[in-house]
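Engineer: Below you will find the structure I want to go over with you.
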Amino acid sequence: MAYQIKKAAVLGSGVMGSGIAAHLANIGIPVLLLDIVPNKLTAEEEGKGLSLDDPKVRNKFAASALEKLVKQKPAPLTSKKNLSFIQVGNLEDDLEKLKDVDWIIEVVVENLEVKKGLYEKIDAIRTEGTIISSNTSGISIEAMAEGRSEDFQKHFLGTHFFNPPRYLKLLEIIPTKATSAEVVEFMTNFAEDRLGKGVVLAKDTPNFIANRIGTYGLLITLREMGKRGFSIGEVDSVTGTLIGRPKSATFRTLDVVGLDTFMHVAKNVYDQTEGEEQKVFELPPFMKKMIDNGWLGAKSKQGFYLKKDKEILELDPETFEYGPTKKMKTPSIEMAKQQKGLANKVKSLVYANDRTGEILWHILAPTLVYSAQLHGEIADDIVAIDNAMKWGFGWQQGPFEIWDAIGVAKSVERMEAEGLEIPSFVRSLLDKGYETFYKEEDGDVFYFDGETYKPVPVNEKVIDLKRYKKKHGVIKKNSGASLIDLGDGVALLEFHSQSNAIGLDIIQMINFAIDEVEKNYKGLVIGNQGKNFCVGANLGMILMEAQDDNIFELDFTIRQFQNAMMKIKYCRKPVVAAPFQMALGGGAEVCLPAAHIQASMETYIGLVEVGVGLIPGGGGNVNLYSKHLKGMPNGVHVDYQYVANKVFETIAMAKVSTSGEEARENNFLDFADGISVNPDHLLYDAKQAALALYEGGYTPPVKAQIPVTGDSGYATMLLGAEAMHLSGYISDHDLKIAKKLAFVLSGGKVPYGTLVDEQYMLDLEREAFLSLVAEPKSQQRMQHMLLKGKPLRN
């Protein structure tokens with residue numbers, strides 16, 4: 001049977017249910033969101049004369065969840081417009097509508113009998129072939145399916161999303177013995193391609209993979225902290241980014257999750273295990289007391305941490321009083337910071353003969369052993385376990401990758417000396433004379449399966465640049481960028497300078513790449529796999545030249561940058577920009593002239609130069625203005641003033657999109673540009689876009705004159721800026737920047753509607769940029785940004 005998901009239903013509109021509905025809406029799938037019917041009226045409803053039969057009352061839980069979606073932070077919706085994809089209802093009046101959906105996702109209360117009762121009703125209504133899944137985090141999937149029809153069981157499975165569904169990559173898929181293999185394959189592909197998820201197949205065991213190991217690791221950390229006399233702040237200072245874990249480390253994570261939620265997850269394993277394992281899953285007495293006190297973390301504004309005035313205080317679990325946050329300071333931390341690569345950092349910390357080494361060894365060793373004990377029980381292979389921890393808990397390395405980093409043989413020797421029982425899976429590795437769980441050969445990665453090494457399965461849409469370069473090499477590289485042959489006649493220009501900031505080295509490589517592609521390739525993709533696409537031009541270099549009064553040097557650099565952007569725009573072969581995460585300032589300027597933008601769903605793009613006292617200098621002003629004009633329908637009278645005002649507002653307010661979808665609404669993307677929901681597929685999608693343009697007979701745009709607003713437009717834009725200045729909203733220097741920006745966008749001292757050359761606009765932009773860069777207040781802003789990482793308002 002060929003499955004398709006054109007419409008879905010989410011049953012249960014709590015935080016998780018509404019978040020899943022929002023994520024489906026983000027990818028354009030209409031969703032029916034249903035919840036229970038209230039059994040009593042509120043005082044407000046009684047006052048309005050409403051009854052329990054009123055649809056407003058009957059649908060109120062789902063309707064109120066929709067209202068919360070718009071206010072929630074981080075935003076579950078990529079655009080508020082996506083709300084129109086969600087229709088609300090209730091589980092009594094609207095169950096019949098389930099006949100028309102292709103996927104039913106149950107997210108109701110974690111109670112087996114409640115779920116089974118609901119499934120009985122669904123089974124009587126659903127159309128054969130409809131997929132049904134549960135988002136349970138711990139109830140047995142097999143137990144839920146008991147007593148249901150054969151077709152229901154064949155199409156039933158667990159789909160465990162992680163919260164928040166828009167941002168967390170992991171989706172655990174849990175089939176039952178009766179689930180059709182075809183359904184599992186379809187859901188895996190659908191989740192990766194359409195939902196943008198990293199999928200792991202988990203077995204039907206308590207808490208599945210990520211929560212089982214993650215909860216164990218957190219509880220071991222609590223146990224060792226108490227046993228060894230460490231403070232909450234000290235533990236957090238070494239269990240976060242230092243070892244490749246999220247910034248929230250251990251206790252801030254628990255505060256965000258909520259201690260009541262964590263207790264529920266831990267209890268789920270406690271109730272289904274025994275012996276030593278069960279003991280670990282019992283919450284320590286001080287944590288039970290915190291829950292009794294209502295100190296649940298962020299939701300109650302008090303947990304392991306408490307914010308008092310502007311100070312963050314940490315809890316002392318002995319006295320139950322809050323005091324200043326402590327941080328671990330040991331020689332090994334300083335030593336680790338000098339190490340190259342996360343694996344070397346972790347290795348040096350774990351074996352350090354100081355307090356950091358003590359706590360990290362005693363947290364990691366039992367967690368690694370536990371992960372190996374569960375191999376085969378919770379998942380079929382180590383790849384699923386490692387991916388689950390990376391995608392669900394934000395670890396940079398999964399347990400078996402960490403084990404490889406610290407040395408399997410060396411760590412096992414110490415574990416045995418300390419009385420830890422080594423699982424047979426690890427014994428098998430060492431007995432066969434192998435040293436690591438993973439090995440790399442010719443750019444391909446293999447994992448140990450208990451007997452031998454097998455290739456790590458790779459989706460053709462996932463291009464890992466590090467490994468790709470090892471296998472295929474590079475065409476040319478310098479300190480800032482590399483040109484790579486992506487195959488099929490497409491080249492890739494990869495930025496790899498610090499923070500991917502644009503300097504002369506990247507500009508040189510852009511020029512080389514365009515020349516090479518015009519001669520020998522079908523198209524060029526500009527993309528990379530750094531933390532961010534590009535956070536702008538090399539600000540340190542600009543400030544240094546400005547302070548040395550090297551305006552001639554800066555003029556040369558800005559001309560070079562503008563010329564390189566024009567080479568992208570008028571390249572005879574299609575250039576596709578693939579931005580993701582932050583694409584700011586110069587990063588946005590690289591995207592705007594491209595023939596096509598293939599953005600990630602999580603793309604935060606904006607021209608933010610005013611924050612450092614400047615305006616865009618690499619063609620950003622003219623290219624954003626042109627992109628707005630291009631979006632106007634042919635034959636319709638265009639109000640150039642309206643367009644100029646919109647662009648002026650976007651740049652002057654340093655507006656940054658909060659998603660790829662919002663980037664389209666702000667005209668950084670146009671209707672033909674693409675958005676990739678799965679960030680791992682971004683380069684593949686960009687490559688396909690380049691090939692499609694080439695095969696479609698791509699021709700570069702013809703150089704055309706640009707209509708501008710001139711004197712009157714300049715005056716109009718200035719009016720708004722001066723009003724903001726008078727009201728105290730912007731400073732004198734902000735006004736000066738706004739005047740320069742308005743002058744550039746209006747095209748200078750010409751009449752409204754005058755057609756001007758692109759080069760004329762670029763010259764205006766460059767002159768304005770250079771005059772601002774010489775301003776002491778702009779230099780102060782640049783210095784502040786470099787030192788503090790945030791804008792200065794002077």
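Identifiers in this document derive from the order of the structure tokens: chains are assigned A, B, ..., residues are numbered from 1 separately in each chain, and ligands are numbered from 1 in order of occurrence.
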For Trp403 of chain A, list every protein, DNA or RNA residue within 12 Å, evaluated using only C-alpha atoms, and leave out those in the same chain fewer than 3 positions away; present the list as JSON, numbers by chain.

Structural biologist: {"A": [343, 344, 346, 347, 350, 361, 364, 365, 366, 367, 368, 369, 371, 372, 382, 386, 397, 398, 399, 400, 406, 407, 408, 409, 410, 411, 412, 426, 435, 436, 437, 438]}

Engineer: Restrict the selected residues to N, CA, C and O atoms and save them as a compact mmCIF listing (two decimals), in the first residue's frame.

Structural biologist:
```txt
# COMPACT_ATOMS: atom_id res chain seq x y z
N ALA A 343 37.08 15.18 21.75
CA ALA A 343 37.53 13.88 22.25
C ALA A 343 38.74 14.03 23.16
O ALA A 343 38.80 13.45 24.25
N ASN A 344 39.70 14.85 22.75
CA ASN A 344 40.92 15.06 23.56
C ASN A 344 40.61 15.81 24.85
O ASN A 344 41.19 15.53 25.90
N VAL A 346 37.72 15.74 26.57
CA VAL A 346 37.03 14.83 27.48
C VAL A 346 38.02 13.84 28.08
O VAL A 346 38.00 13.58 29.29
N LYS A 347 38.92 13.31 27.26
CA LYS A 347 39.91 12.34 27.74
C LYS A 347 40.77 12.95 28.84
O LYS A 347 41.00 12.34 29.89
N VAL A 350 38.55 13.45 32.14
CA VAL A 350 38.08 12.24 32.82
C VAL A 350 39.20 11.59 33.63
O VAL A 350 38.97 11.06 34.72
N TRP A 361 34.71 11.24 36.08
CA TRP A 361 34.91 9.80 35.94
C TRP A 361 33.75 9.04 36.58
O TRP A 361 33.20 8.10 36.00
N LEU A 364 30.59 9.43 34.39
CA LEU A 364 30.65 8.82 33.05
C LEU A 364 30.80 7.31 33.09
O LEU A 364 30.13 6.60 32.34
N ALA A 365 31.67 6.79 33.95
CA ALA A 365 31.95 5.35 33.94
C ALA A 365 30.67 4.51 34.11
O ALA A 365 30.39 3.64 33.28
N PRO A 366 29.82 4.75 35.15
CA PRO A 366 28.61 3.93 35.28
C PRO A 366 27.64 4.15 34.11
O PRO A 366 26.94 3.21 33.70
N THR A 367 27.58 5.37 33.55
CA THR A 367 26.65 5.65 32.45
C THR A 367 27.07 4.89 31.19
O THR A 367 26.23 4.37 30.45
N LEU A 368 28.38 4.80 30.94
CA LEU A 368 28.87 4.06 29.78
C LEU A 368 28.58 2.57 29.95
O LEU A 368 28.13 1.91 29.01
N VAL A 369 28.83 2.05 31.15
CA VAL A 369 28.57 0.63 31.41
C VAL A 369 27.09 0.32 31.24
O VAL A 369 26.70 -0.68 30.62
N SER A 371 24.89 1.92 29.40
CA SER A 371 24.54 1.99 27.97
C SER A 371 24.89 0.68 27.27
O SER A 371 24.13 0.18 26.43
N ALA A 372 26.05 0.11 27.63
CA ALA A 372 26.47 -1.15 27.00
C ALA A 372 25.63 -2.32 27.48
O ALA A 372 25.34 -3.24 26.70
N ILE A 382 24.53 0.25 18.40
CA ILE A 382 25.07 1.39 19.15
C ILE A 382 24.79 2.71 18.43
O ILE A 382 24.74 3.76 19.06
N ASP A 386 23.65 6.06 20.33
CA ASP A 386 24.43 7.31 20.26
C ASP A 386 23.61 8.44 19.64
O ASP A 386 23.61 9.57 20.15
N GLN A 397 28.62 13.92 21.69
CA GLN A 397 29.07 12.56 21.47
C GLN A 397 28.13 11.62 22.22
O GLN A 397 27.79 11.87 23.38
N GLY A 398 27.73 10.52 21.56
CA GLY A 398 26.94 9.51 22.25
C GLY A 398 27.82 8.69 23.17
O GLY A 398 29.05 8.80 23.14
N PRO A 399 27.23 7.81 24.02
CA PRO A 399 28.00 7.05 25.00
C PRO A 399 29.16 6.25 24.39
O PRO A 399 30.26 6.22 24.94
N PHE A 400 28.92 5.61 23.24
CA PHE A 400 29.98 4.76 22.66
C PHE A 400 31.05 5.61 21.98
O PHE A 400 32.21 5.20 21.89
N ILE A 406 37.80 8.22 25.28
CA ILE A 406 38.62 8.08 26.50
C ILE A 406 39.47 6.80 26.47
O ILE A 406 40.29 6.57 27.36
N GLY A 407 39.27 5.98 25.43
CA GLY A 407 40.05 4.74 25.29
C GLY A 407 39.32 3.59 25.96
O GLY A 407 39.17 3.59 27.19
N VAL A 408 38.85 2.62 25.16
CA VAL A 408 38.05 1.52 25.72
C VAL A 408 38.90 0.67 26.67
O VAL A 408 38.53 0.44 27.82
N ALA A 409 40.07 0.20 26.20
CA ALA A 409 40.89 -0.70 27.03
C ALA A 409 41.32 -0.02 28.33
O ALA A 409 41.22 -0.60 29.42
N LYS A 410 41.79 1.22 28.22
CA LYS A 410 42.27 1.95 29.40
C LYS A 410 41.16 2.15 30.42
O LYS A 410 41.34 1.95 31.62
N SER A 411 39.98 2.53 29.94
CA SER A 411 38.87 2.79 30.87
C SER A 411 38.35 1.49 31.49
O SER A 411 38.02 1.46 32.68
N VAL A 412 38.30 0.41 30.71
CA VAL A 412 37.82 -0.88 31.23
C VAL A 412 38.74 -1.38 32.34
O VAL A 412 38.28 -1.90 33.36
N VAL A 426 31.05 -5.35 25.57
CA VAL A 426 32.34 -4.64 25.58
C VAL A 426 33.48 -5.66 25.63
O VAL A 426 34.50 -5.51 24.96
N GLU A 435 39.89 -2.06 19.23
CA GLU A 435 40.18 -1.01 20.20
C GLU A 435 39.05 0.02 20.32
O GLU A 435 38.98 0.74 21.31
N THR A 436 38.20 0.09 19.31
CA THR A 436 37.15 1.13 19.32
C THR A 436 35.82 0.57 18.83
O THR A 436 35.79 -0.40 18.09
N PHE A 437 34.74 1.23 19.25
CA PHE A 437 33.40 0.83 18.80
C PHE A 437 33.14 1.29 17.37
O PHE A 437 32.32 0.71 16.67
N TYR A 438 33.81 2.38 16.98
CA TYR A 438 33.68 2.89 15.61
C TYR A 438 35.05 2.92 14.96
O TYR A 438 36.06 3.14 15.63
```

Engineer: Excluding segment 697-710 of chain A and residues on its chain fewer than 4 positions from it, collect all residues at most 7 Å away from it, counting only C-alpha atoms, and give them as a PyMOL selection string.

Structural biologist: chain A and resi 570-574+640-641+693+714+746-758

Engineer: Among segment 548-581 of chain A, which ones does DSSP assign to helix (DSSP H, G or I) (computed from the backbone)? Answer as a JSON list (two decimals) with N, CA and C atoms, in the first residue's frame.

Structural biologist:
```json
[["chain", "number", "residue", "atom", "x", "y", "z"],
["A", 551, "ILE", "N", 41.47, 54.29, 5.52],
["A", 551, "ILE", "CA", 40.22, 54.34, 4.76],
["A", 551, "ILE", "C", 40.43, 53.84, 3.33],
["A", 552, "PHE", "N", 41.65, 54.10, 2.76],
["A", 552, "PHE", "CA", 41.94, 53.62, 1.41],
["A", 552, "PHE", "C", 41.87, 52.09, 1.37],
["A", 553, "GLU", "N", 42.46, 51.46, 2.40],
["A", 553, "GLU", "CA", 42.47, 49.99, 2.50],
["A", 553, "GLU", "C", 41.04, 49.45, 2.62],
["A", 554, "LEU", "N", 40.24, 50.13, 3.46],
["A", 554, "LEU", "CA", 38.85, 49.71, 3.65],
["A", 554, "LEU", "C", 38.03, 49.90, 2.38],
["A", 555, "ASP", "N", 38.28, 51.00, 1.69],
["A", 555, "ASP", "CA", 37.58, 51.27, 0.43],
["A", 555, "ASP", "C", 37.85, 50.13, -0.56],
["A", 556, "PHE", "N", 39.13, 49.70, -0.62],
["A", 556, "PHE", "CA", 39.52, 48.60, -1.50],
["A", 556, "PHE", "C", 38.77, 47.31, -1.10],
["A", 557, "THR", "N", 38.73, 47.02, 0.21],
["A", 557, "THR", "CA", 38.09, 45.78, 0.69],
["A", 557, "THR", "C", 36.60, 45.78, 0.39],
["A", 558, "ILE", "N", 35.93, 46.93, 0.63],
["A", 558, "ILE", "CA", 34.48, 47.00, 0.40],
["A", 558, "ILE", "C", 34.17, 46.87, -1.09],
["A", 559, "ARG", "N", 35.01, 47.50, -1.93],
["A", 559, "ARG", "CA", 34.84, 47.35, -3.39],
["A", 559, "ARG", "C", 34.94, 45.87, -3.78],
["A", 560, "GLN", "N", 35.96, 45.20, -3.20],
["A", 560, "GLN", "CA", 36.18, 43.78, -3.50],
["A", 560, "GLN", "C", 34.95, 42.96, -3.10],
["A", 561, "PHE", "N", 34.41, 43.28, -1.92],
["A", 561, "PHE", "CA", 33.25, 42.55, -1.40],
["A", 561, "PHE", "C", 32.05, 42.78, -2.33],
["A", 562, "GLN", "N", 31.81, 44.05, -2.69],
["A", 562, "GLN", "CA", 30.68, 44.37, -3.58],
["A", 562, "GLN", "C", 30.85, 43.67, -4.94],
["A", 563, "ASN", "N", 32.08, 43.70, -5.47],
["A", 563, "ASN", "CA", 32.33, 43.07, -6.79],
["A", 563, "ASN", "C", 32.08, 41.56, -6.74],
["A", 564, "ALA", "N", 32.50, 40.94, -5.60],
["A", 564, "ALA", "CA", 32.30, 39.49, -5.45],
["A", 564, "ALA", "C", 30.81, 39.16, -5.40],
["A", 565, "MET", "N", 30.03, 40.02, -4.74],
["A", 565, "MET", "CA", 28.58, 39.79, -4.66],
["A", 565, "MET", "C", 27.93, 39.92, -6.04],
["A", 566, "MET", "N", 28.46, 40.85, -6.83],
["A", 566, "MET", "CA", 27.94, 41.01, -8.19],
["A", 566, "MET", "C", 28.34, 39.83, -9.08],
["A", 567, "LYS", "N", 29.51, 39.24, -8.80],
["A", 567, "LYS", "CA", 29.92, 38.04, -9.55],
["A", 567, "LYS", "C", 28.95, 36.90, -9.27],
["A", 568, "ILE", "N", 28.52, 36.79, -8.00],
["A", 568, "ILE", "CA", 27.53, 35.76, -7.64],
["A", 568, "ILE", "C", 26.24, 36.00, -8.42],
["A", 569, "LYS", "N", 25.82, 37.27, -8.44],
["A", 569, "LYS", "CA", 24.54, 37.63, -9.06],
["A", 569, "LYS", "C", 24.53, 37.34, -10.56]]
```

Engineer: Could you tell me which of A:Ser300, A:Asn621, A:Thr215, A:Ser778 comes closest to Glu589 of chain A if we count only C-alpha atoms?

Structural biologist: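 The answer is A:Asn621, which sits nearest to Glu589 of chain A.
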
Engineer: Do you have, as CSV, the list of residues of segment 82-194 of chain A lying at most 12 Å from segment 674-677 of chain A, each with its nearest atom pair and that distance in Å to one decimal, counting only C-alpha atoms and ordered by chain then number?

Structural biologist:
```
residue,atom,partner,partner_atom,distance
A:Arg166,CA,A:Val677,CA,9.8
A:Tyr167,CA,A:Val677,CA,10.7
A:Lys169,CA,A:Val677,CA,10.7
A:Phe190,CA,A:Val677,CA,11.5
A:Ala191,CA,A:Val677,CA,10.3
A:Glu192,CA,A:Val677,CA,8.9
A:Asp193,CA,A:Val677,CA,7.6
A:Arg194,CA,A:Val677,CA,6.7
```

Engineer: Point out the residue among A:Ala298, A:Ala178, A:Ala405, A:Ala491 with the least atom-to-atom distance to Ile510 of chain A, counting only C-alpha atoms.

Structural biologist: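 So, comparing all the options, the nearest one is A:Ala491.
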
Engineer: Just list as a VMD selection string whatever in segment 15-107 of chain A DSSP marks as strand (DSSP E or B).

Structural biologist: chain A and resid 31 to 35 86 to 90 103 to 106

Engineer: Please list as a list of chain:residue names every residue within 6 Å of segment 160-162 of chain A, counting only C-alpha atoms and excluding residues in the same chain fewer than 2 positions away.

Structural biologist: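 Listed by chain and then number, they are A:Asn135, A:Pro165, A:Leu168, A:Leu171, A:Glu172.
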
Engineer: Restricted to all heavy atoms, what would the selected residues look like written as a JSON list (two decimals), in the first residue's frame?

Structural biologist:
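As a result, part.json now contains:
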```
[["chain", "number", "residue", "atom", "x", "y", "z"],
["A", 135, "ASN", "N", 2.33, 9.17, 21.39],
["A", 135, "ASN", "CA", 3.52, 9.94, 21.77],
["A", 135, "ASN", "C", 3.94, 9.61, 23.21],
["A", 135, "ASN", "O", 4.65, 10.37, 23.82],
["A", 135, "ASN", "CB", 3.24, 11.44, 21.63],
["A", 135, "ASN", "CG", 4.48, 12.26, 21.96],
["A", 135, "ASN", "OD1", 5.47, 12.18, 21.25],
["A", 135, "ASN", "ND2", 4.46, 13.02, 23.05],
["A", 165, "PRO", "N", 8.83, 20.09, 19.98],
["A", 165, "PRO", "CA", 8.90, 19.32, 18.73],
["A", 165, "PRO", "C", 9.52, 20.07, 17.54],
["A", 165, "PRO", "O", 10.16, 19.45, 16.70],
["A", 165, "PRO", "CB", 7.44, 18.98, 18.43],
["A", 165, "PRO", "CG", 6.77, 19.03, 19.76],
["A", 165, "PRO", "CD", 7.47, 20.11, 20.54],
["A", 168, "LEU", "N", 13.68, 20.12, 18.75],
["A", 168, "LEU", "CA", 14.46, 18.94, 19.11],
["A", 168, "LEU", "C", 14.38, 17.90, 18.00],
["A", 168, "LEU", "O", 13.30, 17.54, 17.55],
["A", 168, "LEU", "CB", 14.02, 18.37, 20.45],
["A", 168, "LEU", "CG", 14.69, 19.05, 21.66],
["A", 168, "LEU", "CD1", 14.34, 18.32, 22.94],
["A", 168, "LEU", "CD2", 16.20, 19.14, 21.54],
["A", 171, "LEU", "N", 13.24, 11.74, 17.01],
["A", 171, "LEU", "CA", 11.95, 11.06, 17.02],
["A", 171, "LEU", "C", 12.24, 9.57, 17.19],
["A", 171, "LEU", "O", 12.90, 8.96, 16.35],
["A", 171, "LEU", "CB", 11.17, 11.29, 15.72],
["A", 171, "LEU", "CG", 9.80, 10.57, 15.68],
["A", 171, "LEU", "CD1", 8.80, 11.22, 16.62],
["A", 171, "LEU", "CD2", 9.23, 10.53, 14.28],
["A", 172, "GLU", "N", 11.77, 9.02, 18.31],
["A", 172, "GLU", "CA", 11.93, 7.58, 18.54],
["A", 172, "GLU", "C", 10.69, 6.89, 17.95],
["A", 172, "GLU", "O", 9.56, 7.22, 18.33],
["A", 172, "GLU", "CB", 12.03, 7.28, 20.04],
["A", 172, "GLU", "CG", 13.32, 7.78, 20.65],
["A", 172, "GLU", "CD", 13.42, 7.59, 22.16],
["A", 172, "GLU", "OE1", 12.39, 7.75, 22.85],
["A", 172, "GLU", "OE2", 14.50, 7.28, 22.65]]
```

Engineer: If you measure from atom CA of Gly229 of chain A to atom CA of Glu274 of chain A, what distance in Å do you get, rounded to one decimal?

Structural biologist: 27.7 Å

Engineer: Which residues come within 12 Å of Arg212 of chain A, counting only C-alpha atoms, excluding same-chain residues fewer than 2 positions away, as a tab-separated table (two decimals) with C-alpha atoms, in the first residue's frame?

Structural biologist:
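What follows is the written file out.tsv:
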```
chain	number	residue	atom	x	y	z
A	137	SER	CA	7.19	8.53	26.81
A	138	GLY	CA	7.01	5.26	28.68
A	202	ALA	CA	13.63	1.84	19.61
A	203	LYS	CA	12.37	-1.31	21.31
A	204	ASP	CA	9.27	-1.37	23.50
A	205	THR	CA	11.11	-1.01	26.82
A	206	PRO	CA	10.64	1.46	29.74
A	207	ASN	CA	11.36	5.04	28.57
A	208	PHE	CA	12.75	3.72	25.26
A	209	ILE	CA	16.34	4.90	24.51
A	210	ALA	CA	17.12	8.56	25.23
A	214	GLY	CA	19.55	10.30	30.02
A	215	THR	CA	17.56	9.83	33.25
A	216	TYR	CA	20.08	7.26	34.51
A	217	GLY	CA	22.96	9.68	33.81
A	218	LEU	CA	21.20	12.54	35.63
A	219	LEU	CA	20.42	10.37	38.67
A	262	PHE	CA	11.46	14.19	35.79
A	265	VAL	CA	9.94	9.64	33.95
A	266	ALA	CA	12.23	8.16	36.67
A	267	LYS	CA	9.30	6.41	38.38
A	268	ASN	CA	8.33	4.78	35.10
A	269	VAL	CA	11.67	2.91	34.97
A	270	TYR	CA	11.72	2.33	38.76
A	272	GLN	CA	9.54	-1.75	35.76
A	273	THR	CA	13.04	-2.71	36.94
A	277	GLU	CA	19.19	-0.70	38.45
A	278	GLN	CA	15.97	0.06	40.32
A	280	VAL	CA	19.44	4.24	40.83
A	281	PHE	CA	15.98	5.31	39.59
A	367	THR	CA	26.65	5.65	32.45
A	370	TYR	CA	24.79	1.01	31.67
A	371	SER	CA	24.54	1.99	27.97
A	374	LEU	CA	21.24	-2.09	27.42
A	377	GLU	CA	17.58	-4.56	24.89
A	378	ILE	CA	16.60	-0.96	24.04
A	379	ALA	CA	17.96	-0.83	20.47
A	385	ILE	CA	21.81	4.67	21.11
A	388	ALA	CA	19.27	9.16	20.45
A	389	MET	CA	21.50	10.85	23.06
A	392	GLY	CA	17.35	14.04	22.19
A	393	PHE	CA	19.67	15.33	24.93
```

Engineer: Work out how far apart atom CA of Pro285 of chain A and atom CA of Ser248 of chain A are and give it in Å to one decimal.

Structural biologist: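 Separation of atom CA of Pro285 of chain A and atom CA of Ser248 of chain A: 23.1 Å.
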
Engineer: Nearest to Gly323 of chain A: which of A:Thr650, A:Asn26, A:Asn293, A:Ser231 is it, counting only C-alpha atoms?

Structural biologist: A:Ser231

Engineer: Nearest to Phe580 of chain A: which of A:Val10, A:Leu259, A:Ala599, A:Leu157 is it, counting only C-alpha atoms?

Structural biologist: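 Using only C-alpha atoms, Phe580 of chain A sits closest to A:Ala599.
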
Engineer: Give me, please, the distance in Å between atom CA of Gln547 of chain A and atom CA of Gly613 of chain A, quoted to one decimal.

Structural biologist: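 Atom CA of Gln547 of chain A sits 14.2 Å away from atom CA of Gly613 of chain A.
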
Engineer: From the list A:Pro246, A:Gly536, A:Gly297, A:Gly473, which residue is nearest Ser497 of chain A when using only C-alpha atoms?

Structural biologist: A:Gly536

Engineer: Taking 5 positions as the minimum chain separation for residues in the same chain, which residues sit within 12 Å of Pro457 of chain A when counting only C-alpha atoms? Answer as a PyMOL selection string.

Structural biologist: chain A and resi 200+381-384+444-447+462

Engineer: Keeping only N, CA, C and O atoms, take the residues you just selected and write them out as a PDB file, in the first residue's frame.

Structural biologist:
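Dumped to out-v5.pdb:
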```pdb
ATOM      1  N   VAL A 200      15.311   7.270  15.282  1.00  0.00           N
ATOM      2  CA  VAL A 200      15.936   6.031  15.759  1.00  0.00           C
ATOM      3  C   VAL A 200      14.820   5.025  16.016  1.00  0.00           C
ATOM      4  O   VAL A 200      13.748   5.388  16.509  1.00  0.00           O
ATOM      5  N   ASP A 381      21.401  -1.547  17.799  1.00  0.00           N
ATOM      6  CA  ASP A 381      22.804  -1.211  17.553  1.00  0.00           C
ATOM      7  C   ASP A 381      23.220   0.053  18.302  1.00  0.00           C
ATOM      8  O   ASP A 381      22.379   0.821  18.768  1.00  0.00           O
ATOM      9  N   ILE A 382      24.525   0.249  18.401  1.00  0.00           N
ATOM     10  CA  ILE A 382      25.072   1.394  19.149  1.00  0.00           C
ATOM     11  C   ILE A 382      24.793   2.710  18.432  1.00  0.00           C
ATOM     12  O   ILE A 382      24.736   3.761  19.057  1.00  0.00           O
ATOM     13  N   VAL A 383      24.612   2.655  17.098  1.00  0.00           N
ATOM     14  CA  VAL A 383      24.360   3.884  16.338  1.00  0.00           C
ATOM     15  C   VAL A 383      23.045   4.523  16.807  1.00  0.00           C
ATOM     16  O   VAL A 383      22.964   5.733  17.021  1.00  0.00           O
ATOM     17  N   ALA A 384      22.008   3.688  17.001  1.00  0.00           N
ATOM     18  CA  ALA A 384      20.707   4.204  17.466  1.00  0.00           C
ATOM     19  C   ALA A 384      20.846   4.813  18.857  1.00  0.00           C
ATOM     20  O   ALA A 384      20.275   5.875  19.151  1.00  0.00           O
ATOM     21  N   ASP A 444      34.528   6.400   5.130  1.00  0.00           N
ATOM     22  CA  ASP A 444      33.311   5.687   5.531  1.00  0.00           C
ATOM     23  C   ASP A 444      33.450   5.243   6.985  1.00  0.00           C
ATOM     24  O   ASP A 444      34.553   4.902   7.433  1.00  0.00           O
ATOM     25  N   VAL A 445      32.328   5.228   7.711  1.00  0.00           N
ATOM     26  CA  VAL A 445      32.365   4.890   9.140  1.00  0.00           C
ATOM     27  C   VAL A 445      31.696   3.542   9.365  1.00  0.00           C
ATOM     28  O   VAL A 445      30.638   3.249   8.798  1.00  0.00           O
ATOM     29  N   PHE A 446      32.310   2.747  10.232  1.00  0.00           N
ATOM     30  CA  PHE A 446      31.803   1.413  10.572  1.00  0.00           C
ATOM     31  C   PHE A 446      31.595   1.326  12.076  1.00  0.00           C
ATOM     32  O   PHE A 446      32.324   1.959  12.840  1.00  0.00           O
ATOM     33  N   TYR A 447      30.611   0.529  12.485  1.00  0.00           N
ATOM     34  CA  TYR A 447      30.365   0.352  13.926  1.00  0.00           C
ATOM     35  C   TYR A 447      30.439  -1.121  14.295  1.00  0.00           C
ATOM     36  O   TYR A 447      30.194  -2.003  13.464  1.00  0.00           O
ATOM     37  N   VAL A 462      22.032  12.969   3.258  1.00  0.00           N
ATOM     38  CA  VAL A 462      22.891  13.530   4.320  1.00  0.00           C
ATOM     39  C   VAL A 462      24.324  13.577   3.795  1.00  0.00           C
ATOM     40  O   VAL A 462      24.947  12.556   3.556  1.00  0.00           O
TER      41      VAL A 462
END
```

Engineer: Of the candidates A:Leu283, A:Ala588, A:Val612, A:Ile514, which shows the shortest atom-to-atom distance to Leu792 of chain A, using only C-alpha atoms?

Structural biologist: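 Of A:Leu283, A:Ala588, A:Val612, A:Ile514, the one nearest Leu792 of chain A is A:Val612, counting only C-alpha atoms.
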
Engineer: What's the 10 Å shell around Lys154 of chain A, counting only C-alpha atoms, without same-chain residues fewer than 6 positions away, as JSON, numbers by chain?

Structural biologist: {"A": [129, 130, 131, 132, 145, 148, 175, 176, 177, 178, 179, 180, 181, 182, 183, 184]}
